[in-house]
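J.: Just so it is clear, I am handing over model-v8.cif, which has mmCIF, C-alpha atoms.
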```cif
data_my_file
#
loop_
_atom_site.label_atom_id
_atom_site.label_comp_id
_atom_site.auth_asym_id
_atom_site.auth_seq_id
_atom_site.Cartn_x
_atom_site.Cartn_y
_atom_site.Cartn_z
CA MET A 10 0.00 0.00 0.00
CA ALA A 11 1.36 3.42 -0.90
CA THR A 12 2.15 5.68 2.09
CA ASN A 13 3.11 9.28 2.64
CA LYS A 14 6.29 10.52 4.34
CA LYS A 15 4.74 9.95 7.80
CA GLY A 16 3.93 6.33 6.97
CA ALA A 17 0.16 6.88 6.77
CA PRO A 18 -1.72 5.50 3.74
CA TYR A 19 -2.61 7.93 1.02
CA ARG A 20 -6.26 9.03 1.04
CA ARG A 21 -7.44 9.07 -2.54
CA GLU A 22 -10.32 11.56 -3.00
CA ILE A 23 -13.07 10.57 -5.42
CA PRO A 24 -13.79 13.46 -7.81
CA ASP A 25 -17.23 15.03 -7.54
CA HIS A 26 -18.24 14.03 -11.06
CA LEU A 27 -17.59 10.36 -10.24
CA LEU A 28 -19.44 10.64 -6.93
CA ALA A 29 -22.39 12.09 -8.84
CA GLU A 30 -22.40 9.10 -11.19
CA ILE A 31 -22.34 6.74 -8.18
CA PHE A 32 -25.18 8.58 -6.44
CA LEU A 33 -27.28 8.58 -9.63
CA ARG A 34 -27.21 4.78 -9.51
CA LEU A 35 -28.60 4.48 -6.00
CA PRO A 36 -31.77 2.39 -6.33
CA ALA A 37 -34.25 4.60 -4.49
CA PRO A 38 -34.75 8.23 -3.40
CA ALA A 39 -34.69 7.08 0.25
CA ASP A 40 -31.12 5.80 -0.27
CA LEU A 41 -30.13 9.15 -1.74
CA ALA A 42 -31.68 11.01 1.21
CA ARG A 43 -29.69 8.86 3.67
CA THR A 44 -26.50 9.43 1.66
CA SER A 45 -27.01 13.21 1.75
CA ALA A 46 -27.04 13.04 5.57
CA ALA A 47 -23.62 11.35 5.70
CA CYS A 48 -21.53 14.52 5.38
CA VAL A 49 -21.67 18.15 4.28
CA SER A 50 -19.89 17.54 0.96
CA PHE A 51 -22.29 14.73 0.00
CA ARG A 52 -25.29 16.90 0.84
CA GLY A 53 -23.94 19.80 -1.20
CA LEU A 54 -23.52 17.55 -4.23
CA ILE A 55 -26.90 15.82 -3.88
CA THR A 56 -28.92 19.02 -3.32
CA ASP A 57 -27.41 20.70 -6.36
CA ARG A 58 -30.25 21.48 -8.76
CA SER A 59 -28.55 20.05 -11.83
CA PHE A 60 -27.91 16.76 -10.01
CA LEU A 61 -31.49 16.56 -8.74
CA ARG A 62 -32.83 17.14 -12.26
CA ARG A 63 -30.71 14.22 -13.53
CA PHE A 64 -31.80 11.99 -10.64
CA ARG A 65 -35.49 12.73 -11.19
CA ARG A 66 -35.22 11.90 -14.89
CA LEU A 67 -33.71 8.49 -14.08
CA HIS A 68 -35.93 7.48 -11.14
CA ALA A 69 -39.69 7.26 -10.77
CA ARG A 70 -41.27 9.40 -8.09
CA PRO A 71 -42.09 7.05 -5.17
CA LEU A 72 -45.69 6.63 -4.07
CA LEU A 73 -46.02 8.46 -0.73
CA GLY A 74 -49.78 8.05 -0.20
CA PHE A 75 -53.09 9.14 -1.67
CA ARG A 76 -55.67 11.84 -1.19
CA ASP A 77 -59.40 11.31 -0.82
CA HIS A 78 -62.37 13.12 0.69
CA ASP A 79 -60.82 12.76 4.17
CA GLY A 80 -57.53 14.38 3.19
CA PHE A 81 -54.03 13.00 2.69
CA ASN A 82 -53.43 9.38 3.67
CA ARG A 83 -49.70 8.76 4.00
CA ALA A 84 -47.94 5.44 3.59
CA LEU A 85 -47.33 3.85 7.00
CA PRO A 86 -44.64 1.34 8.08
CA PRO A 87 -43.64 -1.18 6.87
CA HIS A 88 -44.22 0.45 3.47
CA PRO A 89 -40.78 1.45 2.08
CA SER A 90 -42.01 5.03 1.45
CA ALA A 91 -43.16 5.50 5.07
CA PRO A 92 -40.25 7.75 6.24
CA ALA A 93 -40.54 10.05 3.22
CA ALA A 94 -44.35 10.05 3.49
CA ARG A 95 -44.15 11.13 7.13
CA ALA A 96 -41.76 13.96 6.24
CA LEU A 97 -44.16 15.05 3.50
CA ALA A 98 -47.22 14.93 5.80
CA ASP A 99 -45.37 17.05 8.40
CA ALA A 100 -44.27 19.65 5.86
CA ALA A 101 -47.14 19.89 3.36
CA ASP A 102 -50.57 21.51 3.62
CA PHE A 103 -53.12 19.19 2.06
CA SER A 104 -55.99 21.26 3.46
CA PHE A 105 -54.90 23.96 0.98
CA SER A 106 -55.38 26.75 3.51
CA PHE A 107 -52.92 28.86 1.52
CA LEU A 108 -55.30 29.14 -1.46
CA PRO A 109 -57.50 32.23 -1.99
CA SER A 110 -60.61 32.05 0.17
CA HIS A 111 -63.13 33.61 -2.23
CA CYS A 112 -64.50 30.14 -3.04
CA ARG A 113 -64.36 26.51 -1.95
CA TRP A 114 -61.78 24.36 -3.72
CA ALA A 115 -62.23 20.74 -4.78
CA VAL A 116 -59.39 18.47 -5.88
CA GLN A 117 -59.65 17.35 -9.52
CA ASP A 118 -56.29 15.71 -10.14
CA ILE A 119 -52.81 15.11 -8.70
CA CYS A 120 -49.73 14.63 -10.87
CA ASP A 121 -45.96 15.00 -10.34
CA GLY A 122 -46.48 16.49 -6.87
CA ARG A 123 -48.86 19.17 -8.19
CA VAL A 124 -52.56 19.38 -7.36
CA LEU A 125 -55.28 20.71 -9.66
CA LEU A 126 -58.41 22.11 -7.97
CA HIS A 127 -61.51 23.83 -9.25
CA GLY A 128 -63.48 26.54 -7.49
CA LEU A 129 -66.98 25.99 -6.17
CA PRO A 130 -69.10 29.11 -5.51
CA GLU A 131 -70.23 29.65 -1.93
CA ARG A 132 -73.86 30.04 -3.02
CA ARG A 133 -75.69 27.02 -4.40
CA GLU A 134 -76.21 27.88 -8.02
CA GLU A 135 -75.56 26.34 -11.39
CA LEU A 136 -71.84 26.08 -11.98
CA PRO A 137 -70.42 27.84 -15.04
CA LEU A 138 -69.35 25.50 -17.81
CA PHE A 139 -65.68 26.22 -17.09
CA THR A 140 -65.02 26.84 -13.40
CA GLU A 141 -62.03 28.63 -11.92
CA LEU A 142 -58.91 26.45 -11.75
CA VAL A 143 -55.76 26.58 -9.64
CA VAL A 144 -52.59 24.48 -9.75
CA CYS A 145 -50.69 24.28 -6.50
CA ASP A 146 -47.72 22.70 -4.74
CA PRO A 147 -48.93 21.73 -1.22
CA LEU A 148 -45.36 21.09 -0.03
CA HIS A 149 -44.09 24.63 -0.69
CA ARG A 150 -47.56 26.27 -0.42
CA ARG A 151 -47.29 27.90 -3.83
CA TYR A 152 -50.09 28.22 -6.40
CA ILE A 153 -51.01 29.66 -9.77
CA LEU A 154 -54.54 30.75 -10.63
CA LEU A 155 -55.31 29.86 -14.22
CA PRO A 156 -57.04 32.39 -16.47
CA GLN A 157 -60.62 31.71 -17.47
CA VAL A 158 -61.26 29.85 -20.71
CA PRO A 159 -61.78 32.63 -23.32
CA ASP A 160 -65.35 33.37 -24.37
CA ASP A 161 -64.76 32.34 -27.99
CA LEU A 162 -63.51 28.89 -26.94
CA ALA A 163 -66.38 28.44 -24.48
CA ALA A 164 -68.89 29.49 -27.15
CA SER A 165 -67.49 26.91 -29.59
CA VAL A 166 -68.84 24.05 -27.45
CA GLN A 167 -72.15 25.68 -26.47
CA HIS A 168 -75.15 24.59 -28.56
CA PRO A 169 -77.42 27.49 -29.64
CA ASP A 170 -80.53 25.42 -28.85
CA PRO A 171 -81.09 25.53 -25.03
CA VAL A 172 -83.00 22.22 -25.22
CA VAL A 173 -79.81 20.37 -26.18
CA ARG A 174 -77.98 18.84 -23.24
CA ARG A 175 -75.34 21.04 -21.64
CA PRO A 176 -71.71 20.01 -22.33
CA GLN A 177 -69.99 18.09 -19.54
CA CYS A 178 -66.42 18.93 -18.59
CA LYS A 179 -63.52 17.46 -16.65
CA PRO A 180 -60.08 19.09 -16.13
CA PHE A 181 -56.86 17.15 -15.48
CA LEU A 182 -53.08 17.54 -15.44
CA VAL A 183 -50.73 16.17 -18.09
CA PRO A 184 -47.58 14.34 -16.94
CA LEU A 185 -44.38 15.78 -18.36
CA HIS A 186 -42.93 13.99 -21.37
CA GLU A 187 -39.31 12.85 -21.12
CA GLU A 188 -38.07 15.62 -23.39
CA GLU A 189 -39.99 18.20 -21.35
CA GLU A 190 -38.42 16.92 -18.13
CA ALA A 191 -34.99 17.10 -19.75
CA ALA A 192 -35.60 20.73 -20.73
CA GLU A 193 -37.19 21.61 -17.40
CA VAL A 194 -35.13 24.20 -15.49
CA GLU A 195 -36.91 25.05 -12.27
CA GLY A 196 -39.67 22.46 -12.15
CA THR A 197 -42.41 24.98 -12.88
CA ALA A 198 -43.76 23.75 -16.23
CA PHE A 199 -47.21 22.13 -16.34
CA THR A 200 -50.10 21.53 -18.71
CA VAL A 201 -53.84 21.30 -17.98
CA ILE A 202 -56.52 19.87 -20.28
CA TRP A 203 -60.25 20.60 -20.13
CA MET A 204 -62.06 17.63 -21.68
CA VAL A 205 -65.50 18.62 -23.00
CA HIS A 206 -68.18 16.01 -23.81
CA CYS A 207 -70.84 17.48 -26.09
CA LYS A 208 -73.80 15.70 -27.64
CA ILE A 209 -72.25 15.72 -31.12
CA ASN A 210 -68.52 15.92 -30.58
CA LEU A 211 -65.64 15.66 -28.13
CA SER A 212 -63.26 18.58 -27.55
CA ALA A 213 -60.12 19.34 -25.57
CA PHE A 214 -58.80 22.75 -24.53
CA VAL A 215 -55.19 23.01 -23.33
CA PHE A 216 -53.52 25.45 -20.95
CA SER A 217 -49.73 25.64 -21.06
CA SER A 218 -47.81 27.34 -18.26
CA SER A 219 -45.17 28.39 -20.78
CA SER A 220 -47.64 30.45 -22.83
CA GLY A 221 -50.07 31.25 -20.02
CA GLN A 222 -52.99 30.82 -22.41
CA TRP A 223 -55.79 28.42 -23.31
CA SER A 224 -56.06 27.04 -26.82
CA ALA A 225 -58.33 24.65 -28.72
CA ALA A 226 -56.28 21.49 -29.12
CA ALA A 227 -58.46 18.65 -30.39
CA SER A 228 -62.00 17.98 -31.57
CA LYS A 229 -63.72 14.95 -33.05
CA ALA A 230 -67.31 13.99 -33.81
CA TRP A 231 -68.61 11.00 -31.87
CA SER A 232 -69.89 9.53 -35.14
CA ASP A 233 -66.32 9.56 -36.51
CA LEU A 234 -64.96 7.87 -33.38
CA VAL A 235 -67.68 5.22 -33.01
CA PRO A 236 -69.45 4.16 -36.22
CA GLY A 237 -72.38 2.52 -34.40
CA MET A 238 -75.10 5.10 -33.77
CA GLY A 239 -76.36 3.50 -30.56
CA GLU A 240 -72.96 3.17 -28.90
CA SER A 241 -71.82 6.66 -29.88
CA ASP A 242 -75.04 8.12 -28.42
CA ILE A 243 -74.45 6.32 -25.10
CA MET A 244 -70.82 7.43 -24.98
CA SER A 245 -71.71 11.07 -25.66
CA GLN A 246 -74.05 11.05 -22.65
CA MET A 247 -71.47 9.65 -20.22
CA HIS A 248 -70.08 12.34 -17.91
CA PRO A 249 -66.24 12.24 -18.01
CA PHE A 250 -66.27 12.29 -14.19
CA PHE A 251 -67.41 8.64 -14.24
CA LEU A 252 -64.84 7.44 -16.76
CA ARG A 253 -61.56 5.96 -15.56
CA ARG A 254 -58.63 7.85 -17.03
CA HIS A 255 -55.26 6.23 -17.68
CA TYR A 256 -51.95 7.57 -19.02
CA ALA A 257 -49.03 5.87 -20.73
CA TYR A 258 -46.37 6.96 -23.23
CA GLY A 259 -47.85 10.37 -23.95
CA CYS A 260 -51.44 9.16 -24.41
CA PHE A 261 -54.53 9.33 -22.22
CA TYR A 262 -56.93 6.38 -22.30
CA TRP A 263 -60.51 6.15 -21.01
CA ASP A 264 -62.18 2.78 -20.58
CA TRP A 265 -65.92 2.27 -21.03
CA LEU A 266 -66.41 -0.83 -18.90
CA LEU A 267 -69.28 0.88 -17.07
CA ILE A 268 -71.37 0.53 -20.24
CA LYS A 269 -69.89 -2.93 -20.97
CA SER A 270 -67.92 -1.66 -23.95
CA LYS A 271 -64.43 -3.00 -24.77
CA LYS A 272 -63.45 0.25 -26.45
CA LEU A 273 -60.80 2.71 -25.27
CA LEU A 274 -61.01 6.41 -26.04
CA VAL A 275 -57.47 7.68 -26.78
CA LEU A 276 -56.04 11.21 -26.70
CA ASP A 277 -52.51 11.49 -28.05
CA THR A 278 -51.08 14.55 -26.27
CA ARG A 279 -48.21 14.94 -28.74
CA ARG A 280 -50.40 15.12 -31.86
CA MET A 281 -53.50 16.24 -29.92
CA GLU A 282 -55.75 13.76 -31.72
CA PHE A 283 -58.64 11.61 -30.54
CA SER A 284 -59.01 8.00 -31.65
CA MET A 285 -60.44 4.67 -30.47
CA ALA A 286 -58.64 1.45 -29.54
CA ASP A 287 -59.65 -1.97 -28.25
CA LEU A 288 -59.00 -3.60 -24.90
CA PRO A 289 -57.19 -6.97 -24.96
CA PRO A 290 -59.53 -9.93 -25.63
CA GLY A 291 -61.60 -11.39 -22.80
CA GLU A 292 -63.99 -10.08 -20.17
CA TRP A 293 -62.65 -7.27 -17.98
CA SER A 294 -64.34 -6.55 -14.64
CA THR A 295 -65.68 -3.19 -13.47
CA GLN A 296 -63.68 -3.75 -10.26
CA GLY A 297 -60.98 -1.79 -11.96
CA LEU A 298 -58.51 -1.73 -14.77
CA ALA A 299 -55.23 0.11 -15.28
CA ILE A 300 -53.25 0.90 -18.43
CA VAL A 301 -49.56 1.20 -17.61
CA GLU A 302 -46.12 1.47 -19.22
CA ALA A 303 -44.75 -2.07 -19.56
CA GLY A 304 -41.37 -0.98 -20.94
CA GLU A 305 -39.83 -0.68 -24.43
CA GLY A 306 -42.77 1.46 -25.53
CA ARG A 307 -45.32 -1.32 -24.99
CA LEU A 308 -48.63 -0.91 -23.18
CA GLY A 309 -49.64 -3.07 -20.25
CA VAL A 310 -53.15 -3.72 -18.93
CA VAL A 311 -53.71 -4.80 -15.33
CA GLY A 312 -57.16 -5.83 -14.12
CA PHE A 313 -59.60 -8.51 -13.09
CA HIS A 314 -60.07 -10.73 -16.12
CA ASP A 315 -62.51 -13.46 -17.18
CA GLY A 316 -64.48 -13.48 -13.92
CA THR A 317 -61.48 -14.07 -11.64
CA ALA A 318 -61.78 -11.86 -8.53
CA SER A 319 -58.92 -13.42 -6.55
CA ALA A 320 -56.17 -12.64 -9.07
CA LEU A 321 -54.98 -9.72 -11.16
CA SER A 322 -54.11 -10.35 -14.80
CA TYR A 323 -51.19 -8.47 -16.32
CA THR A 324 -51.36 -8.43 -20.12
CA ILE A 325 -48.69 -6.81 -22.31
CA ALA A 326 -48.88 -5.67 -25.92
CA ARG A 327 -46.58 -7.51 -28.31
CA ASN A 328 -46.08 -4.42 -30.45
CA LYS A 329 -45.48 -0.75 -29.68
CA GLY A 330 -47.98 2.01 -30.26
CA GLU A 331 -51.14 3.49 -28.81
CA SER A 332 -53.44 0.89 -30.45
CA PRO A 333 -51.71 -2.51 -30.28
CA SER A 334 -53.40 -5.41 -32.03
CA GLN A 335 -51.67 -8.36 -30.34
CA TRP A 336 -51.44 -9.08 -26.62
CA GLU A 337 -49.91 -11.75 -24.42
CA MET A 338 -50.52 -12.70 -20.78
CA GLU A 339 -47.45 -11.69 -18.78
CA LYS A 340 -48.48 -12.84 -15.32
CA ARG A 341 -51.40 -13.67 -13.06
CA ILE A 342 -50.96 -12.14 -9.60
CA SER A 343 -52.74 -14.13 -6.89
CA LEU A 344 -54.57 -12.18 -4.17
CA ASP A 345 -55.77 -13.29 -0.73
CA SER A 346 -59.16 -14.98 -0.87
CA GLY A 347 -62.00 -13.78 1.33
CA TYR A 348 -61.58 -10.16 0.22
CA GLN A 349 -62.92 -7.88 -2.49
CA TYR A 350 -60.29 -5.89 -4.36
CA TYR A 351 -60.76 -2.76 -6.44
CA ILE A 352 -58.26 -0.74 -8.46
CA LYS A 353 -58.91 2.84 -7.32
CA ASP A 354 -56.18 4.77 -9.14
CA ALA A 355 -53.07 4.24 -11.21
CA THR A 356 -50.07 6.10 -12.58
CA GLN A 357 -47.62 4.98 -15.24
CA ARG A 358 -45.75 3.11 -12.47
CA TYR A 359 -48.08 2.38 -9.54
CA LEU A 360 -51.51 0.95 -8.78
CA LEU A 361 -53.65 1.84 -5.76
CA LEU A 362 -55.86 -1.05 -4.63
CA ARG A 363 -58.63 -1.10 -2.04
CA ARG A 364 -59.36 -4.30 -0.09
CA THR A 365 -62.39 -5.09 2.05
CA GLU A 366 -63.61 -8.29 3.67
CA THR A 367 -66.23 -10.05 1.56
CA SER A 368 -68.22 -11.17 4.61
CA SER A 369 -68.68 -7.69 6.12
CA LEU A 370 -68.62 -4.76 3.71
CA GLU A 371 -70.48 -2.29 5.96
CA ASN A 372 -68.26 -0.48 8.52
CA SER A 373 -65.50 -2.98 7.89
CA LEU A 374 -61.79 -2.22 7.88
CA THR A 375 -60.71 -0.98 4.45
CA GLU A 376 -57.08 -1.53 3.53
CA TYR A 377 -55.15 0.19 0.78
CA PHE A 378 -52.19 -1.29 -1.07
CA SER A 379 -49.72 -0.10 -3.67
CA MET A 380 -48.38 -2.23 -6.49
CA ASP A 381 -45.20 -1.38 -8.37
CA ILE A 382 -45.60 -2.36 -12.03
CA LYS A 383 -41.87 -3.10 -12.31
CA THR A 384 -41.84 -5.64 -9.45
CA LEU A 385 -45.59 -6.50 -9.21
CA LYS A 386 -45.13 -6.42 -5.44
CA LEU A 387 -48.16 -5.60 -3.28
CA GLN A 388 -47.39 -3.39 -0.25
CA ARG A 389 -49.85 -2.14 2.38
CA ILE A 390 -50.18 1.65 2.56
CA CYS A 391 -52.68 2.13 5.37
CA ALA A 392 -56.11 1.08 6.68
CA LYS A 393 -59.29 3.05 7.38
CA GLN A 394 -62.57 2.24 9.04
CA GLY A 395 -65.53 2.05 6.69
CA THR A 396 -65.68 2.33 2.92
CA ASN A 397 -65.15 5.74 1.38
CA MET A 398 -66.59 5.71 -2.14
CA TYR A 399 -65.07 9.05 -3.15
CA GLY A 400 -62.32 9.19 -5.75
CA LYS A 401 -58.72 8.51 -4.77
CA CYS A 402 -55.68 10.30 -6.21
CA ILE A 403 -52.21 8.81 -5.84
CA TYR A 404 -49.57 11.24 -4.56
CA ALA A 405 -46.15 10.27 -5.92
CA ASN A 406 -43.21 12.60 -5.46
CA PHE A 407 -39.66 12.76 -4.22
CA PRO A 408 -39.05 13.23 -0.47
CA PRO A 409 -38.99 16.86 0.72
CA SER A 410 -35.20 16.60 1.22
CA LEU A 411 -34.79 16.02 -2.52
CA LEU A 412 -37.03 18.93 -3.53
CA SER A 413 -34.80 21.84 -2.65
CA SER A 414 -36.35 24.14 -5.26
CA PRO A 415 -40.06 24.95 -4.90
CA THR A 416 -42.30 23.80 -7.74
CA ILE A 417 -45.69 24.73 -9.05
#
```
Could the structure of this file be written out as structure tokens, please?
T.:
Amino acid sequence: MATNKKGAPYRREIPDHLLAEIFLRLPAPADLARTSAACVSFRGLITDRSFLRRFRRLHARPLLGFRDHDGFNRALPPHPSAPAARALADAADFSFSFLPSHCRWAVQDICDGRVLLHGLPERREELPLFTELVVCDPLHRRYILLPQVPDDLAASVQHPDPVVRRPQCKPFLVPLHEEEEAAEVEGTAFTVIWMVHCKINLSAFVFSSSSGQWSAAASKAWSDLVPGMGESDIMSQMHPFFLRRHYAYGCFYWDWLLIKSKKLLVLDTRRMEFSMADLPPGEWSTQGLAIVEAGEGRLGVVGFHDGTASALSYTIARNKGESPSQWEMEKRISLDSGYQYYIKDATQRYLLLRRTETSSLENSLTEYFSMDIKTLKLQRICAKQGTNMYGKCIYANFPPSLLSSPTI
């Protein structure tokens, strides 16, 4: 061993750029957080904004919990995200007390640590077609009020005959594409879509934080999407609130299992075009279905298939693209018998499942589990008394210690 003049071994320093490459390969954000606590120099390197941007591009945001009508439900031990979830719950304001108080706010969507809410007037009256929207970061208590949809865009979806059914709308956030994340500087870019279901056609308006404006992005007649007159009429009457929305590889998907249809409505956010696709063959249950990213550009579908309630089927497309024609069964995931399972929400990476005892559904203990699509491992998040039927939104983000710069 080489020594210095005093006989002590040489201490070979690892250059910062090599340390950064090592830290980028840590398997999970929790490992990175622990490493940053080891010494001042490690923390300085890890909290550098350019390093954090690289780390976030390479690693999926961990699931820290979910929000429902009761508020934020954090992941509890032994879930691997429990420490980060506790730090988030202590630091964030999921009651949104920092938002303007001129109206009541209701959560519409959660994505990439941001929350989209719409305003409800204090007086009970008919809501405007396009309500006030705000995008906020509950961790740093920052928000942006979105401008109202311009009158000319709103008028384009209003039918002149008052007898015709009023359009039905649903706003949601768009996950960042890979190239957008790579170009992201301060973590403040976001996109919101207003989906508008009219009697005759389907429209989408888009708000971009970079332009600060709304624009008409896509429109398609129901008759062009669904040739059958009867099915297109039923679809046009379905409120988007009741449709399950999925996202994978730059496309949104809506399933129509509630009306026993095997069709998928598709919105390609890169081309801003509507189209229709088909679910994989077989009978899919209304207990829930999720469309996920299976890797290599291929879609995956997870759900209860062919009448089996005690197992999840994971089916993967054989070819790439938003409308694959060939599918293959990847795996059947066995679940504990004696329970009813429902898929309540999903991201590109995670599923949120609700479990209740089959023998006692009323006032029974309801458990919530996460499933990582990469490992297909089921992990308990938390348990609550009774069954809350309100919508659930997964909250997936990096731990507060790895979010040094506030985001919107």
J.: Rank nothing, just name the residue among A:Tyr323, A:Tyr351, A:Tyr377, A:Phe407 nearest to Phe64 of chain A, using only C-alpha atoms.
T.: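 With only C-alpha atoms as the atom set, the closest residue is A:Phe407.
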J.: Determine the residue membership of the PyMOL selection byres ((chain A and resi 251-265) around 6) for the file above and supply it as a list of chain:residue names.
T.: A:His248, A:Pro249, A:Phe250, A:Leu266, A:Leu267, A:Ile268, A:Ser270, A:Leu273, A:Leu274, A:Val275, A:Leu276, A:Asp277, A:Thr278, A:Ile300, A:Val301, A:Glu302, A:Gln357
J.: Please write the residues picked by the PyMOL selection byres ((chain A and resi 387) around 12) on this file as a count of residues only.
T.: 28
J.: Could you give me, as a PyMOL selection string, the residues that have an atom at most 12 Å away from the point (-60.9, -16.9, -17.3) in the coordinates of the file, using all atoms listed in the file?
T.: chain A and resi 290-294+313-322+338+341
J.: When you draw a straight line from atom CA of Ile243 of chain A to atom CA of Lys272 of chain A, how long is it in Å?
T.: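 Those two atoms sit 12.6 Å apart.
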J.: When the PyMOL selection byres ((chain A and resi 228) around 10) is applied to the file above, which residues end up in the set, as a PyMOL selection string?
T.: chain A and resi 204-205+210-214+225-227+229-231+281-283
J.: For each of A:Ser219, A:Ser59, A:Ser245, A:Thr44, take the minimum atom-to-atom distance to Phe32 of chain A, counting only C-alpha atoms, then give the residue where this is smallest.
T.: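 For Phe32 of chain A, the nearest of the candidates is A:Thr44.
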J.: Report, in Å to a single decimal, how far apart atom CA of Val124 of chain A and atom CA of Leu154 of chain A are.
T.: 12.0 Å
J.: A:Lys179, A:Arg76, A:Arg307, A:His206: which is nearest Cys120 of chain A, counting all atoms listed in the file?
T.: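 The shortest atom-to-atom distance to Cys120 of chain A comes from A:Arg76.
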J.: If you measure from atom CA of Ser218 of chain A to atom CA of Thr200 of chain A, what distance in Å do you get, rounded to one decimal?
T.: 6.3 Å
J.: Pull N, CA, C and O atoms for segment 293-305 of chain A from the block and write them as a JSON list (two decimals), in the first residue's frame.
T.:
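The result, written out as out_26.json:
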```json
[["chain", "number", "residue", "atom", "x", "y", "z"],
["A", 293, "TRP", "N", -63.32, -8.06, -19.01],
["A", 293, "TRP", "CA", -62.65, -7.27, -17.98],
["A", 293, "TRP", "C", -63.69, -6.76, -16.99],
["A", 293, "TRP", "O", -64.73, -6.26, -17.38],
["A", 294, "SER", "N", -63.39, -6.87, -15.70],
["A", 294, "SER", "CA", -64.34, -6.55, -14.64],
["A", 294, "SER", "C", -64.38, -5.05, -14.36],
["A", 294, "SER", "O", -63.38, -4.34, -14.53],
["A", 295, "THR", "N", -65.54, -4.58, -13.89],
["A", 295, "THR", "CA", -65.68, -3.19, -13.47],
["A", 295, "THR", "C", -65.02, -2.93, -12.13],
["A", 295, "THR", "O", -65.05, -1.80, -11.63],
["A", 296, "GLN", "N", -64.42, -3.95, -11.50],
["A", 296, "GLN", "CA", -63.68, -3.75, -10.26],
["A", 296, "GLN", "C", -62.42, -2.91, -10.47],
["A", 296, "GLN", "O", -61.80, -2.49, -9.51],
["A", 297, "GLY", "N", -62.10, -2.67, -11.70],
["A", 297, "GLY", "CA", -60.98, -1.79, -11.96],
["A", 297, "GLY", "C", -60.05, -2.33, -13.02],
["A", 297, "GLY", "O", -59.90, -3.54, -13.19],
["A", 298, "LEU", "N", -59.44, -1.40, -13.71],
["A", 298, "LEU", "CA", -58.51, -1.73, -14.77],
["A", 298, "LEU", "C", -57.50, -0.59, -14.85],
["A", 298, "LEU", "O", -57.84, 0.57, -14.60],
["A", 299, "ALA", "N", -56.26, -0.91, -15.16],
["A", 299, "ALA", "CA", -55.23, 0.11, -15.28],
["A", 299, "ALA", "C", -54.41, -0.12, -16.53],
["A", 299, "ALA", "O", -54.04, -1.26, -16.84],
["A", 300, "ILE", "N", -54.13, 0.96, -17.26],
["A", 300, "ILE", "CA", -53.25, 0.90, -18.43],
["A", 300, "ILE", "C", -51.94, 1.54, -18.01],
["A", 300, "ILE", "O", -51.91, 2.68, -17.55],
["A", 301, "VAL", "N", -50.85, 0.79, -18.16],
["A", 301, "VAL", "CA", -49.56, 1.20, -17.61],
["A", 301, "VAL", "C", -48.47, 1.08, -18.68],
["A", 301, "VAL", "O", -48.70, 0.56, -19.77],
["A", 302, "GLU", "N", -47.28, 1.57, -18.33],
["A", 302, "GLU", "CA", -46.12, 1.47, -19.22],
["A", 302, "GLU", "C", -45.35, 0.20, -18.88],
["A", 302, "GLU", "O", -44.77, 0.08, -17.80],
["A", 303, "ALA", "N", -45.37, -0.75, -19.80],
["A", 303, "ALA", "CA", -44.75, -2.07, -19.56],
["A", 303, "ALA", "C", -43.28, -2.10, -19.93],
["A", 303, "ALA", "O", -42.60, -3.09, -19.68],
["A", 304, "GLY", "N", -42.76, -1.03, -20.53],
["A", 304, "GLY", "CA", -41.37, -0.98, -20.94],
["A", 304, "GLY", "C", -41.22, -1.16, -22.44],
["A", 304, "GLY", "O", -42.06, -1.80, -23.09],
["A", 305, "GLU", "N", -40.14, -0.58, -23.00],
["A", 305, "GLU", "CA", -39.83, -0.68, -24.43],
["A", 305, "GLU", "C", -40.98, -0.16, -25.29],
["A", 305, "GLU", "O", -41.22, -0.65, -26.40]]
```
